[in-house]
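Participant: Got a structure here, written out as structure tokens. Questions coming.
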Amino acid sequence: QGMEAVPATIRLAVTVAGAAHSLLQEQVGPLMSHDVREEAALHNMVKQFDLWIDQAAQLTIAQSLKGTLKKAEKTLASLQKPADFLHPSASAGEVPTAACKGCIAVIQRLSEAWWRKGPPADQRGVGKGSGKRLDGNTASLLMQLATGVHGMVRRHLAKFSYSPVGGVQLLRDLSAFQGLCRELQAPGVEHELETLREAASVLVMAPEKVVKQLEEGLWSGAVSEDGVWLAGLRSDWSTLSRKVKSRPHEPART
């Protein structure tokens with residue numbers, strides 16, 4: 001309920017702002033049109049009012065984002081078990097883990113509330129999933145949610161060790177987070193998660209192939225950096241590392 005109250009509050013602010021504009025421009029404005037100084041003062045009043053509404057909206061959005069992302073990360077941490085990535089079930093990789101689904105649900109509740117109860121469509125300039133330009137508040141909200149998800153996922157996956165089958169499960173979870181960022185209309189973040197997912201394939205590779213990848217530098221760019229980092233999270237890394245001439249860096253990325 002708290003998250004859904006935020007879009008409704010901003011919607012109310014936008015409605016009040018629109019009503020105030022109408023009053024000032026249609027009722028008060030004509031009475032002042034003969035006086036240049038009074039007309040300038042009116043325009044300045046409207047400008048300051050717009051600024052106040054925008055600042056209030058941004059503050060409300062920021063507070064809501066902070067609370068939502070904190071709750072999502074807490075959900076992810078509390079539901080994820082080491083066994084999810086070390087000894088997953090026989091159906092590993094078919095569906096996301098409960099932790100992944102729970103985290104995504106928290107993010108979606110705020111996103112869906114914004115589309116249902118946020119500023120009217122004509123104020124947003126676009127409907128959900130239309131692919132057209134978003135208004136400033138909506139674009140900011142969705143992008144910050146997606147960026148927060150990306151950072152959260154990186155921090156989270158660094159806490160676990162992965163068997164090859166567990167790596168398959170992680171790849172499925174990463175696909176689900178990519179889908180979430182697609183819903184949030186954040187293609188840049190979606191691409192970053194795709195790069196991370198590509199690098200995470202090192203978790204499911206045969207040991208000899210991992211050694212070859214690391215020694216011969218067969219990756220490039222961000223995939224290479226993340227691939228080296230993720231190799232160190234393999235459950236067999238203590239054994240595998242003895243076969244690698246160039247030892248990967250410690251997993252310090254977040």
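How things are named: the first chain in the structure tokens is A, the next is B, and so on; residues count from 1 in each chain; ligands count from 1 in the order shown.
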I want to know what sits within 10 Å of His87 of chain A, based on only C-alpha atoms, with residues of the same chain fewer than 5 positions away left out; could you give that as a VMD selection string?
Facilitator: chain A and resid 81 to 82 92 162 to 166
Participant: Find the distance between atom CA of Leu184 of chain A and atom CA of Ile61 of chain A and write it in Å to one decimal.
Facilitator: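 Separation between atom CA of Leu184 of chain A and atom CA of Ile61 of chain A: 15.2 Å.
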Participant: I want to know what sits within 12 Å of Gly179 of chain A, based on only C-alpha atoms, with residues of the same chain fewer than 2 positions away left out; could you give that as a list in words?
Facilitator: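 Returned residues: Pro96, Cys100, Lys101, Ile104, Gln108, Ala146, Val149, Arg172, Asp173, Leu174, Ser175, Ala176, Phe177, Cys181, Arg182, Glu183, Leu184, Gln185, Ala186, Pro187, Val189, Glu190, His191, Leu193 and Glu194 of chain A.
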Participant: Separation of atom CA of Val204 of chain A and atom CA of Arg242 of chain A, in Å?
Facilitator: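 We find that atom CA of Val204 of chain A and atom CA of Arg242 of chain A lie 18.7 Å from each other.
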Participant: Fewer than 6 positions away in the same chain doesn't count, so skip those; otherwise give me all residues within 6 Å of Ala199 of chain A, counting only C-alpha atoms, as a ChimeraX atom specification.
Facilitator: /A:223,226-227
Participant: Using only N, CA, C and O atoms, please write the residues we just selected to a file, as a CSV table (one decimal), in the first residue's frame.
Facilitator:
```csv
chain,number,residue,atom,x,y,z
A,223,VAL,N,32.9,-8.5,-21.0
A,223,VAL,CA,32.7,-9.9,-20.9
A,223,VAL,C,34.0,-10.6,-20.3
A,223,VAL,O,34.0,-11.4,-19.4
A,226,ASP,N,34.3,-9.6,-16.5
A,226,ASP,CA,33.4,-10.3,-15.7
A,226,ASP,C,33.6,-11.8,-15.7
A,226,ASP,O,33.4,-12.5,-14.7
A,227,GLY,N,34.1,-12.3,-16.9
A,227,GLY,CA,34.4,-13.7,-17.0
A,227,GLY,C,35.5,-14.2,-16.0
A,227,GLY,O,35.4,-15.2,-15.4
```
Participant: Tell me which of A:Arg109, A:Lys209, A:His156, A:Arg116 sits closest to Ser78 of chain A, counting only C-alpha atoms.
Facilitator: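 When distances to Ser78 of chain A are compared using only C-alpha atoms, the smallest one comes from A:His156.
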Participant: As a PDB file with N, CA, C and O atoms, in the first residue's frame, please: all residues of segment 32-118 of chain A that backbone DSSP puts in helix (DSSP H, G or I).
Facilitator:
```pdb
ATOM      1  N   MET A  32      -4.864  40.905 -15.176  1.00  0.00           N
ATOM      2  CA  MET A  32      -3.557  41.538 -15.045  1.00  0.00           C
ATOM      3  C   MET A  32      -2.926  41.849 -16.390  1.00  0.00           C
ATOM      4  O   MET A  32      -1.840  42.420 -16.434  1.00  0.00           O
ATOM      5  N   VAL A  36       2.115  45.206 -17.284  1.00  0.00           N
ATOM      6  CA  VAL A  36       3.261  44.376 -17.641  1.00  0.00           C
ATOM      7  C   VAL A  36       3.936  43.807 -16.397  1.00  0.00           C
ATOM      8  O   VAL A  36       4.327  42.636 -16.371  1.00  0.00           O
ATOM      9  N   ARG A  37       4.067  44.630 -15.371  1.00  0.00           N
ATOM     10  CA  ARG A  37       4.750  44.162 -14.167  1.00  0.00           C
ATOM     11  C   ARG A  37       3.952  43.076 -13.460  1.00  0.00           C
ATOM     12  O   ARG A  37       4.511  42.088 -12.988  1.00  0.00           O
ATOM     13  N   GLU A  38       2.639  43.264 -13.388  1.00  0.00           N
ATOM     14  CA  GLU A  38       1.806  42.253 -12.742  1.00  0.00           C
ATOM     15  C   GLU A  38       1.778  40.960 -13.561  1.00  0.00           C
ATOM     16  O   GLU A  38       1.762  39.856 -13.000  1.00  0.00           O
ATOM     17  N   GLU A  39       1.775  41.102 -14.879  1.00  0.00           N
ATOM     18  CA  GLU A  39       1.791  39.917 -15.743  1.00  0.00           C
ATOM     19  C   GLU A  39       3.102  39.151 -15.582  1.00  0.00           C
ATOM     20  O   GLU A  39       3.118  37.920 -15.515  1.00  0.00           O
ATOM     21  N   ALA A  40       4.219  39.866 -15.483  1.00  0.00           N
ATOM     22  CA  ALA A  40       5.517  39.230 -15.273  1.00  0.00           C
ATOM     23  C   ALA A  40       5.545  38.512 -13.927  1.00  0.00           C
ATOM     24  O   ALA A  40       6.088  37.405 -13.800  1.00  0.00           O
ATOM     25  N   ALA A  41       4.945  39.151 -12.923  1.00  0.00           N
ATOM     26  CA  ALA A  41       4.889  38.534 -11.596  1.00  0.00           C
ATOM     27  C   ALA A  41       4.060  37.258 -11.629  1.00  0.00           C
ATOM     28  O   ALA A  41       4.392  36.259 -10.971  1.00  0.00           O
ATOM     29  N   LEU A  42       2.969  37.270 -12.400  1.00  0.00           N
ATOM     30  CA  LEU A  42       2.120  36.084 -12.540  1.00  0.00           C
ATOM     31  C   LEU A  42       2.898  34.946 -13.192  1.00  0.00           C
ATOM     32  O   LEU A  42       2.870  33.801 -12.720  1.00  0.00           O
ATOM     33  N   HIS A  43       3.613  35.242 -14.269  1.00  0.00           N
ATOM     34  CA  HIS A  43       4.397  34.215 -14.963  1.00  0.00           C
ATOM     35  C   HIS A  43       5.469  33.644 -14.038  1.00  0.00           C
ATOM     36  O   HIS A  43       5.738  32.435 -14.050  1.00  0.00           O
ATOM     37  N   ASN A  44       6.070  34.508 -13.237  1.00  0.00           N
ATOM     38  CA  ASN A  44       7.097  34.042 -12.309  1.00  0.00           C
ATOM     39  C   ASN A  44       6.485  33.143 -11.237  1.00  0.00           C
ATOM     40  O   ASN A  44       7.090  32.141 -10.828  1.00  0.00           O
ATOM     41  N   MET A  45       5.262  33.480 -10.810  1.00  0.00           N
ATOM     42  CA  MET A  45       4.559  32.672  -9.824  1.00  0.00           C
ATOM     43  C   MET A  45       4.283  31.271 -10.376  1.00  0.00           C
ATOM     44  O   MET A  45       4.498  30.260  -9.703  1.00  0.00           O
ATOM     45  N   VAL A  46       3.822  31.230 -11.623  1.00  0.00           N
ATOM     46  CA  VAL A  46       3.542  29.944 -12.270  1.00  0.00           C
ATOM     47  C   VAL A  46       4.827  29.131 -12.404  1.00  0.00           C
ATOM     48  O   VAL A  46       4.850  27.925 -12.154  1.00  0.00           O
ATOM     49  N   LYS A  47       5.914  29.790 -12.795  1.00  0.00           N
ATOM     50  CA  LYS A  47       7.202  29.112 -12.964  1.00  0.00           C
ATOM     51  C   LYS A  47       7.684  28.529 -11.641  1.00  0.00           C
ATOM     52  O   LYS A  47       8.165  27.386 -11.588  1.00  0.00           O
ATOM     53  N   GLN A  48       7.589  29.312 -10.559  1.00  0.00           N
ATOM     54  CA  GLN A  48       8.010  28.837  -9.249  1.00  0.00           C
ATOM     55  C   GLN A  48       7.136  27.685  -8.755  1.00  0.00           C
ATOM     56  O   GLN A  48       7.616  26.737  -8.123  1.00  0.00           O
ATOM     57  N   PHE A  49       5.856  27.745  -9.085  1.00  0.00           N
ATOM     58  CA  PHE A  49       4.931  26.683  -8.695  1.00  0.00           C
ATOM     59  C   PHE A  49       5.296  25.386  -9.409  1.00  0.00           C
ATOM     60  O   PHE A  49       5.329  24.309  -8.807  1.00  0.00           O
ATOM     61  N   ASP A  50       5.589  25.490 -10.715  1.00  0.00           N
ATOM     62  CA  ASP A  50       6.008  24.316 -11.495  1.00  0.00           C
ATOM     63  C   ASP A  50       7.275  23.705 -10.903  1.00  0.00           C
ATOM     64  O   ASP A  50       7.403  22.480 -10.805  1.00  0.00           O
ATOM     65  N   LEU A  51       8.221  24.557 -10.530  1.00  0.00           N
ATOM     66  CA  LEU A  51       9.481  24.091  -9.968  1.00  0.00           C
ATOM     67  C   LEU A  51       9.243  23.364  -8.651  1.00  0.00           C
ATOM     68  O   LEU A  51       9.827  22.302  -8.400  1.00  0.00           O
ATOM     69  N   TRP A  52       8.361  23.909  -7.827  1.00  0.00           N
ATOM     70  CA  TRP A  52       8.062  23.287  -6.540  1.00  0.00           C
ATOM     71  C   TRP A  52       7.419  21.917  -6.736  1.00  0.00           C
ATOM     72  O   TRP A  52       7.784  20.944  -6.061  1.00  0.00           O
ATOM     73  N   ILE A  53       6.481  21.822  -7.670  1.00  0.00           N
ATOM     74  CA  ILE A  53       5.814  20.546  -7.947  1.00  0.00           C
ATOM     75  C   ILE A  53       6.825  19.519  -8.433  1.00  0.00           C
ATOM     76  O   ILE A  53       6.824  18.356  -8.008  1.00  0.00           O
ATOM     77  N   ASP A  54       7.721  19.944  -9.327  1.00  0.00           N
ATOM     78  CA  ASP A  54       8.716  19.018  -9.870  1.00  0.00           C
ATOM     79  C   ASP A  54       9.667  18.535  -8.774  1.00  0.00           C
ATOM     80  O   ASP A  54       9.995  17.345  -8.701  1.00  0.00           O
ATOM     81  N   GLN A  55      10.108  19.448  -7.928  1.00  0.00           N
ATOM     82  CA  GLN A  55      11.022  19.062  -6.848  1.00  0.00           C
ATOM     83  C   GLN A  55      10.339  18.114  -5.867  1.00  0.00           C
ATOM     84  O   GLN A  55      10.950  17.151  -5.393  1.00  0.00           O
ATOM     85  N   ALA A  56       9.074  18.387  -5.576  1.00  0.00           N
ATOM     86  CA  ALA A  56       8.334  17.511  -4.663  1.00  0.00           C
ATOM     87  C   ALA A  56       8.165  16.121  -5.265  1.00  0.00           C
ATOM     88  O   ALA A  56       8.289  15.108  -4.573  1.00  0.00           O
ATOM     89  N   ALA A  57       7.891  16.077  -6.569  1.00  0.00           N
ATOM     90  CA  ALA A  57       7.728  14.793  -7.251  1.00  0.00           C
ATOM     91  C   ALA A  57       9.035  14.004  -7.230  1.00  0.00           C
ATOM     92  O   ALA A  57       9.051  12.801  -6.951  1.00  0.00           O
ATOM     93  N   GLN A  58      10.154  14.679  -7.518  1.00  0.00           N
ATOM     94  CA  GLN A  58      11.448  14.000  -7.533  1.00  0.00           C
ATOM     95  C   GLN A  58      11.823  13.472  -6.151  1.00  0.00           C
ATOM     96  O   GLN A  58      12.364  12.370  -6.025  1.00  0.00           O
ATOM     97  N   LEU A  59      11.523  14.242  -5.115  1.00  0.00           N
ATOM     98  CA  LEU A  59      11.820  13.806  -3.751  1.00  0.00           C
ATOM     99  C   LEU A  59      10.978  12.582  -3.394  1.00  0.00           C
ATOM    100  O   LEU A  59      11.482  11.617  -2.807  1.00  0.00           O
ATOM    101  N   THR A  60       9.702  12.615  -3.758  1.00  0.00           N
ATOM    102  CA  THR A  60       8.810  11.493  -3.473  1.00  0.00           C
ATOM    103  C   THR A  60       9.258  10.242  -4.211  1.00  0.00           C
ATOM    104  O   THR A  60       9.269   9.139  -3.657  1.00  0.00           O
ATOM    105  N   ILE A  61       9.641  10.413  -5.487  1.00  0.00           N
ATOM    106  CA  ILE A  61      10.125   9.284  -6.280  1.00  0.00           C
ATOM    107  C   ILE A  61      11.397   8.704  -5.674  1.00  0.00           C
ATOM    108  O   ILE A  61      11.547   7.483  -5.545  1.00  0.00           O
ATOM    109  N   ALA A  62      12.326   9.576  -5.284  1.00  0.00           N
ATOM    110  CA  ALA A  62      13.594   9.120  -4.723  1.00  0.00           C
ATOM    111  C   ALA A  62      13.382   8.307  -3.441  1.00  0.00           C
ATOM    112  O   ALA A  62      14.005   7.260  -3.243  1.00  0.00           O
ATOM    113  N   GLN A  63      12.483   8.781  -2.585  1.00  0.00           N
ATOM    114  CA  GLN A  63      12.211   8.070  -1.337  1.00  0.00           C
ATOM    115  C   GLN A  63      11.564   6.720  -1.612  1.00  0.00           C
ATOM    116  O   GLN A  63      11.887   5.714  -0.976  1.00  0.00           O
ATOM    117  N   SER A  64      10.664   6.692  -2.575  1.00  0.00           N
ATOM    118  CA  SER A  64       9.994   5.444  -2.926  1.00  0.00           C
ATOM    119  C   SER A  64      10.969   4.447  -3.532  1.00  0.00           C
ATOM    120  O   SER A  64      10.947   3.252  -3.218  1.00  0.00           O
ATOM    121  N   LEU A  65      11.854   4.942  -4.412  1.00  0.00           N
ATOM    122  CA  LEU A  65      12.856   4.072  -5.032  1.00  0.00           C
ATOM    123  C   LEU A  65      13.764   3.454  -3.980  1.00  0.00           C
ATOM    124  O   LEU A  65      14.059   2.254  -4.015  1.00  0.00           O
ATOM    125  N   LYS A  66      14.222   4.261  -3.057  1.00  0.00           N
ATOM    126  CA  LYS A  66      15.115   3.783  -2.010  1.00  0.00           C
ATOM    127  C   LYS A  66      14.454   2.671  -1.207  1.00  0.00           C
ATOM    128  O   LYS A  66      15.067   1.609  -0.960  1.00  0.00           O
ATOM    129  N   GLY A  67      13.209   2.880  -0.813  1.00  0.00           N
ATOM    130  CA  GLY A  67      12.490   1.882  -0.038  1.00  0.00           C
ATOM    131  C   GLY A  67      12.221   0.611  -0.824  1.00  0.00           C
ATOM    132  O   GLY A  67      12.354  -0.503  -0.303  1.00  0.00           O
ATOM    133  N   THR A  68      11.847   0.786  -2.095  1.00  0.00           N
ATOM    134  CA  THR A  68      11.528  -0.373  -2.935  1.00  0.00           C
ATOM    135  C   THR A  68      12.762  -1.216  -3.202  1.00  0.00           C
ATOM    136  O   THR A  68      12.735  -2.449  -3.084  1.00  0.00           O
ATOM    137  N   LEU A  69      13.871  -0.580  -3.575  1.00  0.00           N
ATOM    138  CA  LEU A  69      15.098  -1.322  -3.865  1.00  0.00           C
ATOM    139  C   LEU A  69      15.650  -2.003  -2.611  1.00  0.00           C
ATOM    140  O   LEU A  69      16.183  -3.122  -2.684  1.00  0.00           O
ATOM    141  N   LYS A  70      15.520  -1.351  -1.480  1.00  0.00           N
ATOM    142  CA  LYS A  70      15.966  -1.952  -0.227  1.00  0.00           C
ATOM    143  C   LYS A  70      15.148  -3.196   0.081  1.00  0.00           C
ATOM    144  O   LYS A  70      15.694  -4.246   0.471  1.00  0.00           O
ATOM    145  N   LYS A  71      13.844  -3.116  -0.109  1.00  0.00           N
ATOM    146  CA  LYS A  71      12.971  -4.258   0.147  1.00  0.00           C
ATOM    147  C   LYS A  71      13.255  -5.383  -0.853  1.00  0.00           C
ATOM    148  O   LYS A  71      13.265  -6.561  -0.488  1.00  0.00           O
ATOM    149  N   ALA A  72      13.497  -5.023  -2.115  1.00  0.00           N
ATOM    150  CA  ALA A  72      13.780  -6.032  -3.145  1.00  0.00           C
ATOM    151  C   ALA A  72      15.066  -6.781  -2.828  1.00  0.00           C
ATOM    152  O   ALA A  72      15.130  -8.012  -2.941  1.00  0.00           O
ATOM    153  N   GLU A  73      16.091  -6.043  -2.419  1.00  0.00           N
ATOM    154  CA  GLU A  73      17.372  -6.686  -2.106  1.00  0.00           C
ATOM    155  C   GLU A  73      17.257  -7.556  -0.866  1.00  0.00           C
ATOM    156  O   GLU A  73      17.849  -8.638  -0.794  1.00  0.00           O
ATOM    157  N   LYS A  74      16.483  -7.105   0.104  1.00  0.00           N
ATOM    158  CA  LYS A  74      16.268  -7.897   1.320  1.00  0.00           C
ATOM    159  C   LYS A  74      15.519  -9.183   0.973  1.00  0.00           C
ATOM    160  O   LYS A  74      15.843 -10.265   1.509  1.00  0.00           O
ATOM    161  N   THR A  75      14.544  -9.083   0.090  1.00  0.00           N
ATOM    162  CA  THR A  75      13.786 -10.265  -0.344  1.00  0.00           C
ATOM    163  C   THR A  75      14.700 -11.254  -1.059  1.00  0.00           C
ATOM    164  O   THR A  75      14.656 -12.460  -0.815  1.00  0.00           O
ATOM    165  N   LEU A  76      15.543 -10.729  -1.939  1.00  0.00           N
ATOM    166  CA  LEU A  76      16.468 -11.576  -2.684  1.00  0.00           C
ATOM    167  C   LEU A  76      17.411 -12.314  -1.733  1.00  0.00           C
ATOM    168  O   LEU A  76      17.646 -13.523  -1.870  1.00  0.00           O
ATOM    169  N   ALA A  77      17.939 -11.591  -0.746  1.00  0.00           N
ATOM    170  CA  ALA A  77      18.895 -12.180   0.190  1.00  0.00           C
ATOM    171  C   ALA A  77      18.244 -13.206   1.114  1.00  0.00           C
ATOM    172  O   ALA A  77      18.836 -14.250   1.417  1.00  0.00           O
ATOM    173  N   SER A  78      17.024 -12.916   1.538  1.00  0.00           N
ATOM    174  CA  SER A  78      16.379 -13.804   2.511  1.00  0.00           C
ATOM    175  C   SER A  78      15.874 -15.099   1.881  1.00  0.00           C
ATOM    176  O   SER A  78      15.833 -16.140   2.544  1.00  0.00           O
ATOM    177  N   LEU A  79      15.492 -15.046   0.619  1.00  0.00           N
ATOM    178  CA  LEU A  79      14.934 -16.234  -0.042  1.00  0.00           C
ATOM    179  C   LEU A  79      15.980 -17.093  -0.746  1.00  0.00           C
ATOM    180  O   LEU A  79      15.749 -18.281  -0.992  1.00  0.00           O
ATOM    181  N   ALA A  83      22.205 -23.629  -1.664  1.00  0.00           N
ATOM    182  CA  ALA A  83      21.884 -24.837  -2.428  1.00  0.00           C
ATOM    183  C   ALA A  83      21.265 -24.524  -3.785  1.00  0.00           C
ATOM    184  O   ALA A  83      21.318 -25.355  -4.699  1.00  0.00           O
ATOM    185  N   ASP A  84      20.679 -23.341  -3.930  1.00  0.00           N
ATOM    186  CA  ASP A  84      20.080 -22.964  -5.224  1.00  0.00           C
ATOM    187  C   ASP A  84      21.115 -23.011  -6.335  1.00  0.00           C
ATOM    188  O   ASP A  84      20.778 -23.280  -7.495  1.00  0.00           O
ATOM    189  N   PHE A  85      22.376 -22.726  -5.992  1.00  0.00           N
ATOM    190  CA  PHE A  85      23.429 -22.655  -7.003  1.00  0.00           C
ATOM    191  C   PHE A  85      24.503 -23.745  -6.848  1.00  0.00           C
ATOM    192  O   PHE A  85      25.387 -23.856  -7.692  1.00  0.00           O
ATOM    193  N   LEU A  86      24.409 -24.507  -5.789  1.00  0.00           N
ATOM    194  CA  LEU A  86      25.357 -25.609  -5.606  1.00  0.00           C
ATOM    195  C   LEU A  86      24.709 -26.959  -5.889  1.00  0.00           C
ATOM    196  O   LEU A  86      25.267 -27.803  -6.576  1.00  0.00           O
ATOM    197  N   ALA A  98      12.950 -18.951  -6.427  1.00  0.00           N
ATOM    198  CA  ALA A  98      11.940 -18.221  -5.661  1.00  0.00           C
ATOM    199  C   ALA A  98      12.457 -16.844  -5.258  1.00  0.00           C
ATOM    200  O   ALA A  98      11.700 -15.865  -5.230  1.00  0.00           O
ATOM    201  N   ALA A  99      13.747 -16.760  -4.954  1.00  0.00           N
ATOM    202  CA  ALA A  99      14.338 -15.479  -4.564  1.00  0.00           C
ATOM    203  C   ALA A  99      14.276 -14.485  -5.711  1.00  0.00           C
ATOM    204  O   ALA A  99      13.926 -13.307  -5.525  1.00  0.00           O
ATOM    205  N   CYS A 100      14.623 -14.936  -6.900  1.00  0.00           N
ATOM    206  CA  CYS A 100      14.572 -14.079  -8.083  1.00  0.00           C
ATOM    207  C   CYS A 100      13.152 -13.595  -8.341  1.00  0.00           C
ATOM    208  O   CYS A 100      12.909 -12.402  -8.552  1.00  0.00           O
ATOM    209  N   LYS A 101      12.194 -14.506  -8.304  1.00  0.00           N
ATOM    210  CA  LYS A 101      10.794 -14.138  -8.563  1.00  0.00           C
ATOM    211  C   LYS A 101      10.261 -13.184  -7.495  1.00  0.00           C
ATOM    212  O   LYS A 101       9.522 -12.241  -7.809  1.00  0.00           O
ATOM    213  N   GLY A 102      10.647 -13.424  -6.231  1.00  0.00           N
ATOM    214  CA  GLY A 102      10.192 -12.544  -5.162  1.00  0.00           C
ATOM    215  C   GLY A 102      10.746 -11.136  -5.301  1.00  0.00           C
ATOM    216  O   GLY A 102      10.026 -10.149  -5.103  1.00  0.00           O
ATOM    217  N   CYS A 103      12.016 -11.035  -5.665  1.00  0.00           N
ATOM    218  CA  CYS A 103      12.659  -9.738  -5.875  1.00  0.00           C
ATOM    219  C   CYS A 103      11.990  -8.977  -7.018  1.00  0.00           C
ATOM    220  O   CYS A 103      11.667  -7.790  -6.895  1.00  0.00           O
ATOM    221  N   ILE A 104      11.769  -9.657  -8.123  1.00  0.00           N
ATOM    222  CA  ILE A 104      11.146  -9.033  -9.290  1.00  0.00           C
ATOM    223  C   ILE A 104       9.736  -8.549  -8.955  1.00  0.00           C
ATOM    224  O   ILE A 104       9.319  -7.467  -9.379  1.00  0.00           O
ATOM    225  N   ALA A 105       9.002  -9.343  -8.148  1.00  0.00           N
ATOM    226  CA  ALA A 105       7.637  -8.954  -7.774  1.00  0.00           C
ATOM    227  C   ALA A 105       7.613  -7.639  -7.007  1.00  0.00           C
ATOM    228  O   ALA A 105       6.714  -6.812  -7.195  1.00  0.00           O
ATOM    229  N   VAL A 106       8.606  -7.428  -6.146  1.00  0.00           N
ATOM    230  CA  VAL A 106       8.681  -6.173  -5.381  1.00  0.00           C
ATOM    231  C   VAL A 106       8.860  -4.981  -6.325  1.00  0.00           C
ATOM    232  O   VAL A 106       8.187  -3.952  -6.186  1.00  0.00           O
ATOM    233  N   ILE A 107       9.767  -5.125  -7.292  1.00  0.00           N
ATOM    234  CA  ILE A 107      10.006  -4.047  -8.260  1.00  0.00           C
ATOM    235  C   ILE A 107       8.773  -3.797  -9.112  1.00  0.00           C
ATOM    236  O   ILE A 107       8.385  -2.641  -9.367  1.00  0.00           O
ATOM    237  N   GLN A 108       8.135  -4.867  -9.536  1.00  0.00           N
ATOM    238  CA  GLN A 108       6.968  -4.732 -10.411  1.00  0.00           C
ATOM    239  C   GLN A 108       5.801  -4.053  -9.709  1.00  0.00           C
ATOM    240  O   GLN A 108       5.009  -3.367 -10.351  1.00  0.00           O
ATOM    241  N   ARG A 109       5.681  -4.239  -8.400  1.00  0.00           N
ATOM    242  CA  ARG A 109       4.571  -3.603  -7.691  1.00  0.00           C
ATOM    243  C   ARG A 109       4.642  -2.085  -7.789  1.00  0.00           C
ATOM    244  O   ARG A 109       3.624  -1.411  -7.979  1.00  0.00           O
ATOM    245  N   LEU A 110       5.844  -1.537  -7.651  1.00  0.00           N
ATOM    246  CA  LEU A 110       5.975  -0.077  -7.782  1.00  0.00           C
ATOM    247  C   LEU A 110       5.764   0.353  -9.233  1.00  0.00           C
ATOM    248  O   LEU A 110       5.068   1.336  -9.504  1.00  0.00           O
ATOM    249  N   SER A 111       6.356  -0.385 -10.170  1.00  0.00           N
ATOM    250  CA  SER A 111       6.202  -0.054 -11.585  1.00  0.00           C
ATOM    251  C   SER A 111       4.741  -0.085 -12.013  1.00  0.00           C
ATOM    252  O   SER A 111       4.240   0.834 -12.675  1.00  0.00           O
ATOM    253  N   GLU A 112       4.045  -1.159 -11.639  1.00  0.00           N
ATOM    254  CA  GLU A 112       2.637  -1.292 -12.022  1.00  0.00           C
ATOM    255  C   GLU A 112       1.783  -0.216 -11.356  1.00  0.00           C
ATOM    256  O   GLU A 112       0.846   0.315 -11.962  1.00  0.00           O
ATOM    257  N   ALA A 113       2.108   0.109 -10.101  1.00  0.00           N
ATOM    258  CA  ALA A 113       1.361   1.160  -9.407  1.00  0.00           C
ATOM    259  C   ALA A 113       1.526   2.502 -10.113  1.00  0.00           C
ATOM    260  O   ALA A 113       0.593   3.301 -10.205  1.00  0.00           O
ATOM    261  N   TRP A 114       2.729   2.736 -10.648  1.00  0.00           N
ATOM    262  CA  TRP A 114       2.966   3.998 -11.357  1.00  0.00           C
ATOM    263  C   TRP A 114       2.091   4.092 -12.601  1.00  0.00           C
ATOM    264  O   TRP A 114       1.480   5.127 -12.872  1.00  0.00           O
ATOM    265  N   TRP A 115       2.010   2.986 -13.354  1.00  0.00           N
ATOM    266  CA  TRP A 115       1.208   3.026 -14.579  1.00  0.00           C
ATOM    267  C   TRP A 115      -0.283   3.125 -14.270  1.00  0.00           C
ATOM    268  O   TRP A 115      -1.037   3.751 -15.007  1.00  0.00           O
ATOM    269  N   ARG A 116      -0.715   2.535 -13.154  1.00  0.00           N
ATOM    270  CA  ARG A 116      -2.144   2.572 -12.812  1.00  0.00           C
ATOM    271  C   ARG A 116      -2.555   3.873 -12.141  1.00  0.00           C
ATOM    272  O   ARG A 116      -3.623   4.417 -12.411  1.00  0.00           O
ATOM    273  N   LYS A 117      -1.685   4.351 -11.226  1.00  0.00           N
ATOM    274  CA  LYS A 117      -2.108   5.456 -10.365  1.00  0.00           C
ATOM    275  C   LYS A 117      -1.242   6.699 -10.471  1.00  0.00           C
ATOM    276  O   LYS A 117      -1.476   7.680  -9.770  1.00  0.00           O
TER     277      LYS A 117
END
```
Participant: I'd like the interatomic distance between atom CA of Val211 of chain A and atom CA of Lys245 of chain A, to a tenth of an Å.
Facilitator: 8.6 Å
